[in-house]
Amino acid sequence: MYNGLNYNFGILYLNMKSFKKVGLVLSGGGFKGVAHIGAIQAIEEAGIQPEYISGTSAGALVGALYAGKYSTEEIKNLFTKTPLLKFNRFTRKKAGFLDSEKFHDDFESYFPKNSFEALPKKLFITATNLVEGTVKVFDKGELIKPLLASAAFPGVFSPVMIDQELYADGGILDNFPIAPLRKKCDFIIGIDVSPIKKPKITDFKHSFNVMQRAYYLRAMPNAEIKCNQCDIIIQPKELIHHGIFNSSSLDKVYDLGYQEAKKQIALFLKNQKNDSGDKK
């Protein structure tokens, strides 16, 4: 029970709502993207079925698999079982530590048709054009390359060439890509897995600590405004204790997303019930 509202009653109440086009926004956040999966589990348990998905970076990975109708358990397996540090995936003459395109085969097993149009749900993926300094929205044609580009964290994964343009992590310029959904959906749920805390000087022990902080600072502008444009916003605050590159405690990260989503859905339902009572 959350805030005095029985969750099962909330499911029934929400199913009575007639939202025609439900959208889901998924932020970037590295391994904290596993919280997206837990949140989606709670969303589905509430009887909500988003048909439009917009994601960037880790949110693009989760969003693509969800758009492909994979179960939350199958999506979680991608994060927990795909090896990142295989010797043959290191770059040699590319800008990055790991070669993004060497993960292509991993995604081919999930997306054999390699096409946006083949997905049961409508998907939007954002990536950053490194030369033009602009955000590119992908939603048609080849799927896997835009997916790899969107998740190409600067300095860690190499940028990806698409149609003679060089792309990297979509979160560089927009870590919460709500724009593609604004005119297409009449109800939007947002999941932000990149809460920000003020660090201590002693927190900067490794290069990835600096990269993570730089990523957060770049993602901060307008983040609150965009989150406020959602009908339900899910932001697990406890994720400040988990790093972008930390693959330990993923079960805990998953549960943080799940519990926060249940809490926010219940709060939304309670407010809806109170608003209905005020109108009588």
# chains A, B, ... in the order shown; residues from 1 in each chain; ligands from 1
$ residues_around --residues "region 101-118 of chain A" --least-positions-apart "5" --cutoff "7 Å" --atoms "only C-alpha atoms" --output "CSV table (one decimal) with N, CA and C atoms, in the first residue's frame"
chain,number,residue,atom,x,y,z
A,89,ARG,N,37.1,-6.6,-28.4
A,89,ARG,CA,36.3,-5.4,-28.6
A,89,ARG,C,37.0,-4.1,-28.3
A,123,LEU,N,9.3,3.5,-31.9
A,123,LEU,CA,10.5,3.8,-31.2
A,123,LEU,C,11.2,5.0,-31.8
A,139,ASP,N,14.1,7.2,-36.2
A,139,ASP,CA,12.9,6.4,-36.0
A,139,ASP,C,12.5,5.6,-37.3
A,140,LYS,N,13.4,5.5,-38.3
A,140,LYS,CA,13.1,4.8,-39.5
A,140,LYS,C,14.4,4.1,-40.0
A,141,GLY,N,14.2,3.0,-40.7
A,141,GLY,CA,15.3,2.4,-41.4
A,141,GLY,C,16.1,1.5,-40.4
A,142,GLU,N,17.4,1.4,-40.6
A,142,GLU,CA,18.3,0.6,-39.9
A,142,GLU,C,18.3,0.9,-38.4
A,143,LEU,N,18.2,-0.1,-37.5
A,143,LEU,CA,18.0,0.1,-36.1
A,143,LEU,C,19.3,0.0,-35.3
A,144,ILE,N,20.1,-1.0,-35.6
A,144,ILE,CA,21.2,-1.3,-34.7
A,144,ILE,C,22.3,-0.2,-34.6
$ residues_around --residues "Ile244 (chain A)" --least-positions-apart "4" --cutoff "8 Å" --atoms "only C-alpha atoms" --output "PyMOL selection string"
chain A and resi 29-32+212
$ closest_atom_pairs --of "region 61-164 of chain A" --to "region 19-23 of chain A" --cutoff "12 Å" --atoms "only C-alpha atoms" --output "JSON lines"
{"residue": "A:Gly63", "atom": "CA", "partner": "A:Gly23", "partner_atom": "CA", "distance": 11.2}
{"residue": "A:Ala67", "atom": "CA", "partner": "A:Gly23", "partner_atom": "CA", "distance": 11.4}
{"residue": "A:Lys121", "atom": "CA", "partner": "A:Gly23", "partner_atom": "CA", "distance": 10.3}
{"residue": "A:Lys122", "atom": "CA", "partner": "A:Gly23", "partner_atom": "CA", "distance": 9.4}
{"residue": "A:Leu123", "atom": "CA", "partner": "A:Gly23", "partner_atom": "CA", "distance": 9.9}
{"residue": "A:Phe124", "atom": "CA", "partner": "A:Gly23", "partner_atom": "CA", "distance": 10.7}
$ write_last_selection --atoms "C-alpha atoms" --output "JSON list (two decimals), in the first residue's frame"
[["chain", "number", "residue", "atom", "x", "y", "z"],
["A", 63, "GLY", "CA", 13.53, 1.18, -25.08],
["A", 67, "ALA", "CA", 9.61, -1.87, -28.29],
["A", 121, "LYS", "CA", 5.95, -0.39, -30.72],
["A", 122, "LYS", "CA", 6.95, 2.98, -32.17],
["A", 123, "LEU", "CA", 10.51, 3.84, -31.15],
["A", 124, "PHE", "CA", 12.55, 7.05, -31.24]]
$ residues_around --residues "Ile234 (chain A)" --least-positions-apart "3" --cutoff "7 Å" --atoms "only C-alpha atoms" --output "list of chain:residue names"
A:Gly190, A:Ile191, A:Asp192, A:Glu260, A:Ala261, A:Gln264
$ write_last_selection --atoms "N, CA, C and O atoms" --output "PDB file, in the first residue's frame"
ATOM      1  N   GLY A 190       7.643   9.478 -17.739  1.00  0.00           N
ATOM      2  CA  GLY A 190       9.080   9.655 -17.870  1.00  0.00           C
ATOM      3  C   GLY A 190       9.829   8.921 -16.786  1.00  0.00           C
ATOM      4  O   GLY A 190       9.401   8.914 -15.622  1.00  0.00           O
ATOM      5  N   ILE A 191      10.939   8.296 -17.155  1.00  0.00           N
ATOM      6  CA  ILE A 191      11.803   7.636 -16.173  1.00  0.00           C
ATOM      7  C   ILE A 191      13.191   8.256 -16.290  1.00  0.00           C
ATOM      8  O   ILE A 191      13.832   8.168 -17.331  1.00  0.00           O
ATOM      9  N   ASP A 192      13.623   8.903 -15.225  1.00  0.00           N
ATOM     10  CA  ASP A 192      14.932   9.560 -15.181  1.00  0.00           C
ATOM     11  C   ASP A 192      15.813   8.817 -14.184  1.00  0.00           C
ATOM     12  O   ASP A 192      15.555   8.853 -12.983  1.00  0.00           O
ATOM     13  N   GLU A 260      10.011   2.721  -7.010  1.00  0.00           N
ATOM     14  CA  GLU A 260       9.683   4.135  -7.250  1.00  0.00           C
ATOM     15  C   GLU A 260       8.541   4.267  -8.252  1.00  0.00           C
ATOM     16  O   GLU A 260       7.679   5.146  -8.117  1.00  0.00           O
ATOM     17  N   ALA A 261       8.521   3.386  -9.245  1.00  0.00           N
ATOM     18  CA  ALA A 261       7.435   3.432 -10.225  1.00  0.00           C
ATOM     19  C   ALA A 261       6.098   3.099  -9.568  1.00  0.00           C
ATOM     20  O   ALA A 261       5.089   3.769  -9.816  1.00  0.00           O
ATOM     21  N   GLN A 264       5.007   6.184  -7.553  1.00  0.00           N
ATOM     22  CA  GLN A 264       4.545   7.327  -8.332  1.00  0.00           C
ATOM     23  C   GLN A 264       3.222   7.045  -9.041  1.00  0.00           C
ATOM     24  O   GLN A 264       2.389   7.940  -9.190  1.00  0.00           O
TER      25      GLN A 264
END
$ select_by_dssp --residues "region 122-264 of chain A" --states "helix (DSSP H, G or I)" --output "ChimeraX atom specification"
/A:144-150,170-172,179-181,201-203,207-219,223-227,237-241,250-264
$ write_last_selection --atoms "C-alpha atoms" --output "PDB file, in the first residue's frame"
ATOM      1  CA  ILE A 144      21.240  -1.286 -34.681  1.00  0.00           C
ATOM      2  CA  LYS A 145      23.736   1.397 -35.746  1.00  0.00           C
ATOM      3  CA  PRO A 146      21.648   4.263 -34.273  1.00  0.00           C
ATOM      4  CA  LEU A 147      21.260   2.158 -31.139  1.00  0.00           C
ATOM      5  CA  LEU A 148      25.021   1.702 -30.815  1.00  0.00           C
ATOM      6  CA  ALA A 149      25.590   5.399 -31.524  1.00  0.00           C
ATOM      7  CA  SER A 150      23.076   6.513 -28.899  1.00  0.00           C
ATOM      8  CA  GLY A 170      22.502  11.044 -27.208  1.00  0.00           C
ATOM      9  CA  GLY A 171      22.745  12.111 -23.567  1.00  0.00           C
ATOM     10  CA  ILE A 172      25.539  14.561 -24.393  1.00  0.00           C
ATOM     11  CA  ALA A 179      10.487  16.093 -27.644  1.00  0.00           C
ATOM     12  CA  PRO A 180       9.645  13.262 -30.109  1.00  0.00           C
ATOM     13  CA  LEU A 181       6.581  12.336 -28.010  1.00  0.00           C
ATOM     14  CA  ILE A 201      36.619  16.570  -3.986  1.00  0.00           C
ATOM     15  CA  THR A 202      37.632  13.158  -2.669  1.00  0.00           C
ATOM     16  CA  ASP A 203      35.077  11.520  -4.977  1.00  0.00           C
ATOM     17  CA  SER A 207      39.120   9.198 -14.691  1.00  0.00           C
ATOM     18  CA  PHE A 208      35.646   7.683 -14.951  1.00  0.00           C
ATOM     19  CA  ASN A 209      34.574   9.763 -11.916  1.00  0.00           C
ATOM     20  CA  VAL A 210      35.446  12.887 -13.905  1.00  0.00           C
ATOM     21  CA  MET A 211      33.680  11.591 -17.035  1.00  0.00           C
ATOM     22  CA  GLN A 212      30.579  10.745 -15.029  1.00  0.00           C
ATOM     23  CA  ARG A 213      30.451  14.196 -13.431  1.00  0.00           C
ATOM     24  CA  ALA A 214      30.961  15.912 -16.800  1.00  0.00           C
ATOM     25  CA  TYR A 215      28.136  13.827 -18.251  1.00  0.00           C
ATOM     26  CA  TYR A 216      25.784  14.818 -15.436  1.00  0.00           C
ATOM     27  CA  LEU A 217      26.645  18.522 -15.684  1.00  0.00           C
ATOM     28  CA  ARG A 218      25.965  18.524 -19.415  1.00  0.00           C
ATOM     29  CA  ALA A 219      22.666  16.713 -18.897  1.00  0.00           C
ATOM     30  CA  ALA A 223      16.144  18.583 -17.237  1.00  0.00           C
ATOM     31  CA  GLU A 224      13.664  19.705 -14.574  1.00  0.00           C
ATOM     32  CA  ILE A 225      11.515  21.539 -17.138  1.00  0.00           C
ATOM     33  CA  LYS A 226      11.342  18.453 -19.345  1.00  0.00           C
ATOM     34  CA  CYS A 227      10.505  16.164 -16.432  1.00  0.00           C
ATOM     35  CA  LYS A 237      16.645   9.335  -5.826  1.00  0.00           C
ATOM     36  CA  GLU A 238      18.620   6.484  -4.255  1.00  0.00           C
ATOM     37  CA  LEU A 239      20.375   5.977  -7.595  1.00  0.00           C
ATOM     38  CA  ILE A 240      22.767   8.772  -6.577  1.00  0.00           C
ATOM     39  CA  HIS A 241      24.601   6.018  -4.678  1.00  0.00           C
ATOM     40  CA  LEU A 250      22.126  -4.437 -10.477  1.00  0.00           C
ATOM     41  CA  ASP A 251      19.350  -6.302  -8.668  1.00  0.00           C
ATOM     42  CA  LYS A 252      19.209  -3.403  -6.200  1.00  0.00           C
ATOM     43  CA  VAL A 253      19.133  -0.867  -9.056  1.00  0.00           C
ATOM     44  CA  TYR A 254      16.301  -2.819 -10.692  1.00  0.00           C
ATOM     45  CA  ASP A 255      14.326  -2.814  -7.437  1.00  0.00           C
ATOM     46  CA  LEU A 256      14.820   0.932  -6.943  1.00  0.00           C
ATOM     47  CA  GLY A 257      13.195   1.521 -10.313  1.00  0.00           C
ATOM     48  CA  TYR A 258      10.392  -0.919  -9.579  1.00  0.00           C
ATOM     49  CA  GLN A 259       9.535   0.493  -6.152  1.00  0.00           C
ATOM     50  CA  GLU A 260       9.683   4.135  -7.250  1.00  0.00           C
ATOM     51  CA  ALA A 261       7.435   3.432 -10.225  1.00  0.00           C
ATOM     52  CA  LYS A 262       4.846   1.747  -8.010  1.00  0.00           C
ATOM     53  CA  LYS A 263       5.000   4.686  -5.623  1.00  0.00           C
ATOM     54  CA  GLN A 264       4.545   7.327  -8.332  1.00  0.00           C
TER      55      GLN A 264
END
$ atom_distance --atom1 "CA of Asn129 (chain A)" --atom2 "CA of Val160 (chain A)"
9.8 Å
$ closest_residue --among "A:Pro159, A:Gly133, A:Pro195, A:Pro120" --to "Gly33 (chain A)" --atoms "only C-alpha atoms"
A:Pro195
$ atom_distance --atom1 "CA of Leu24 (chain A)" --atom2 "CA of Lys136 (chain A)"
18.4 Å
$ closest_residue --among "A:Val34, A:Leu166, A:Ala39, A:Ala60" --to "Gly243 (chain A)" --atoms "only C-alpha atoms"
A:Val34
